[in-house]
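Below is upload21.cif, which holds mmCIF, C-alpha atoms; chains and numbers go by the auth columns.
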```cif
data_protein
loop_
_atom_site.group_PDB
_atom_site.id
_atom_site.type_symbol
_atom_site.label_atom_id
_atom_site.label_comp_id
_atom_site.label_asym_id
_atom_site.label_seq_id
_atom_site.Cartn_x
_atom_site.Cartn_y
_atom_site.Cartn_z
_atom_site.B_iso_or_equiv
_atom_site.auth_seq_id
_atom_site.auth_asym_id
ATOM 1 C CA MET A 1 -1.353 8.923 -2.170 0.00 259 D
ATOM 2 C CA ARG A 2 2.180 8.137 -3.314 0.00 260 D
ATOM 3 C CA ARG A 3 2.913 6.906 -6.841 0.00 261 D
ATOM 4 C CA ILE A 4 5.723 4.883 -8.421 0.00 262 D
ATOM 5 C CA TRP A 5 7.640 8.026 -9.391 0.00 263 D
ATOM 6 C CA ASP A 6 7.924 8.890 -5.658 0.00 264 D
ATOM 7 C CA VAL A 7 10.114 5.821 -5.053 0.00 265 D
ATOM 8 C CA PRO A 8 13.830 6.647 -4.734 0.00 266 D
ATOM 9 C CA VAL A 9 16.113 5.297 -7.467 0.00 267 D
ATOM 10 C CA GLY A 10 17.533 1.896 -6.520 0.00 268 D
ATOM 11 C CA VAL A 11 14.696 0.867 -4.192 0.00 269 D
ATOM 12 C CA LYS A 12 12.942 -2.307 -5.356 0.00 270 D
ATOM 13 C CA THR A 13 9.287 -2.584 -4.398 0.00 271 D
ATOM 14 C CA VAL A 14 6.982 -5.576 -4.078 0.00 272 D
ATOM 15 C CA HIS A 15 3.221 -5.969 -3.733 0.00 273 D
ATOM 16 C CA LEU A 16 2.017 -5.733 -0.137 0.00 274 D
ATOM 17 C CA CYS A 17 -1.767 -5.921 -0.480 0.00 275 D
ATOM 18 C CA ALA A 18 -4.907 -4.985 -2.368 0.00 276 D
ATOM 19 C CA CYS A 19 -7.415 -3.016 -0.335 0.00 277 D
ATOM 20 C CA THR A 20 -9.873 -0.146 -0.463 0.00 278 D
ATOM 21 C CA PRO A 21 -8.438 3.261 -1.305 0.00 279 D
ATOM 22 C CA GLU A 22 -9.326 4.361 2.229 0.00 280 D
ATOM 23 C CA HIS A 23 -7.342 1.500 3.759 0.00 281 D
ATOM 24 C CA ALA A 24 -4.479 2.238 1.351 0.00 282 D
ATOM 25 C CA ASP A 25 -4.327 5.802 2.687 0.00 283 D
ATOM 26 C CA GLU A 26 -4.322 4.560 6.285 0.00 284 D
ATOM 27 C CA ILE A 27 -1.654 1.936 5.572 0.00 285 D
ATOM 28 C CA GLY A 28 0.393 4.543 3.697 0.00 286 D
ATOM 29 C CA GLU A 29 0.346 6.890 6.692 0.00 287 D
ATOM 30 C CA ALA A 30 1.550 4.082 8.974 0.00 288 D
ATOM 31 C CA LEU A 31 4.270 3.025 6.507 0.00 289 D
ATOM 32 C CA GLU A 32 5.393 6.640 6.216 0.00 290 D
ATOM 33 C CA ALA A 33 5.593 6.926 10.007 0.00 291 D
ATOM 34 C CA ALA A 34 7.725 3.757 10.076 0.00 292 D
ATOM 35 C CA GLY A 35 10.045 5.142 7.398 0.00 293 D
ATOM 36 C CA ILE A 36 9.121 2.468 4.849 0.00 294 D
ATOM 37 C CA VAL A 37 9.182 3.402 1.153 0.00 295 D
ATOM 38 C CA TRP A 38 5.783 2.733 -0.417 0.00 296 D
ATOM 39 C CA TRP A 39 3.507 3.632 -3.309 0.00 297 D
ATOM 40 C CA VAL A 40 -0.030 2.864 -4.453 0.00 298 D
ATOM 41 C CA LYS A 41 -1.472 1.858 -7.798 0.00 299 D
ATOM 42 C CA ALA A 42 -4.928 3.385 -7.708 0.00 300 D
ATOM 43 C CA PRO A 43 -7.937 1.387 -8.886 0.00 301 D
ATOM 44 C CA SER A 44 -9.117 1.748 -12.454 0.00 302 D
ATOM 45 C CA SER A 45 -11.650 4.414 -13.233 0.00 303 D
ATOM 46 C CA GLY A 46 -14.105 5.155 -15.992 0.00 304 D
ATOM 47 C CA LEU A 47 -15.098 2.252 -18.221 0.00 305 D
ATOM 48 C CA LEU A 48 -12.604 -0.119 -16.545 0.00 306 D
ATOM 49 C CA THR A 49 -14.014 0.272 -13.018 0.00 307 D
ATOM 50 C CA PHE A 50 -15.538 -3.210 -13.116 0.00 308 D
ATOM 51 C CA LEU A 51 -12.076 -4.749 -13.694 0.00 309 D
ATOM 52 C CA GLU A 52 -10.311 -3.314 -10.687 0.00 310 D
ATOM 53 C CA ARG A 53 -11.783 -1.718 -7.579 0.00 311 D
ATOM 54 C CA ASP A 54 -8.903 -2.187 -5.149 0.00 312 D
ATOM 55 C CA ALA A 55 -5.881 -0.013 -4.565 0.00 313 D
ATOM 56 C CA ASN A 56 -2.637 -2.013 -4.683 0.00 314 D
ATOM 57 C CA VAL A 57 0.024 -1.069 -2.139 0.00 315 D
ATOM 58 C CA PHE A 58 3.695 -1.713 -2.903 0.00 316 D
ATOM 59 C CA VAL A 59 6.591 -1.442 -0.416 0.00 317 D
ATOM 60 C CA ASP A 60 10.368 -1.649 -0.220 0.00 318 D
ATOM 61 C CA ARG A 61 11.104 -5.358 -0.541 0.00 319 D
ATOM 62 C CA GLU A 62 13.790 -5.082 2.157 0.00 320 D
ATOM 63 C CA ARG A 63 11.099 -4.122 4.692 0.00 321 D
ATOM 64 C CA LEU A 64 8.278 -6.369 3.493 0.00 322 D
ATOM 65 C CA ASP A 65 7.892 -8.326 6.734 0.00 323 D
ATOM 66 C CA GLU A 66 7.596 -5.149 8.802 0.00 324 D
ATOM 67 C CA ALA A 67 5.143 -3.682 6.272 0.00 325 D
ATOM 68 C CA ARG A 68 3.009 -6.839 6.425 0.00 326 D
ATOM 69 C CA GLY A 69 2.672 -6.396 10.181 0.00 327 D
ATOM 70 C CA ILE A 70 1.595 -2.780 9.738 0.00 328 D
ATOM 71 C CA ALA A 71 -0.980 -3.661 7.068 0.00 329 D
ATOM 72 C CA ARG A 72 -2.285 -6.605 9.079 0.00 330 D
ATOM 73 C CA ALA A 73 -2.850 -4.360 12.131 0.00 331 D
ATOM 74 C CA ILE A 74 -4.962 -2.008 10.001 0.00 332 D
ATOM 75 C CA LEU A 75 -6.828 -4.586 7.914 0.00 333 D
ATOM 76 C CA GLU A 76 -7.386 -7.114 10.711 0.00 334 D
ATOM 77 C CA PRO A 77 -7.788 -5.112 13.934 0.00 335 D
ATOM 78 C CA PRO A 78 -8.202 -7.169 17.103 0.00 336 D
ATOM 79 C CA ASP A 79 -11.738 -7.574 18.374 0.00 337 D
ATOM 80 C CA GLY A 80 -12.514 -5.066 21.095 0.00 338 D
#
```

So, in terms of structure tokens, how does the structure I just supplied come out?
Amino acid sequence: MRRIWDVPVGVKTVHLCACTPEHADEIGEALEAAGIVWWVKAPSSGLLTFLERDANVFVDRERLDEARGIARAILEPPDG
């Protein structure tokens, strides 16, 4: 899982989605394959678990539309 310090200097990131950590890993792999800069804020742990259970994915704001399509394909797969 990538973190904020993995983002190159000068790249501005924006929130893409909140999802399960498992989905965040899957989305991250797809973003990586597409060459999109991304990072994840992991959910809270310990005593704060009840406040935040989702992982929050952030992406390069210049590629937000493309990243939305990638996340949508993973989070909302077509019925088969």

Item to check | Spatial neighbours of D:Leu322, 12 Å, all atoms listed in the file, chain gap at least 6 places, as number ranges by chain | outcome: D: 270-275, 289, 294-296, 315-316, 328-330

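Applied to this file, the PyMOL selection byres ((chain D and resi 331-335) around 10) selects Cys275, Cys277, Thr278, His281, Ala282, Glu284, Ile285, Ala288, Ala325, Arg326, Gly327, Ile328, Ala329, Arg330, Pro336, Asp337 and Gly338 of chain D.
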
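Considering the residues D:Pro266, D:Ala291, D:Ala313, D:Lys299 and counting all atoms listed in the file, D:Pro279 has its shortest atom-to-atom contact with D:Ala313.
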
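Distances here use only C-alpha atoms; by that measure, the residue among D:Ala300, D:Val269, D:Ala276, D:Asp283 closest to D:Arg321 is D:Val269.
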
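The result of the PyMOL selection byres ((chain D and resi 259-263) around 6) on the shown file is D:Asp264, D:Val265, D:Trp297, D:Val298.
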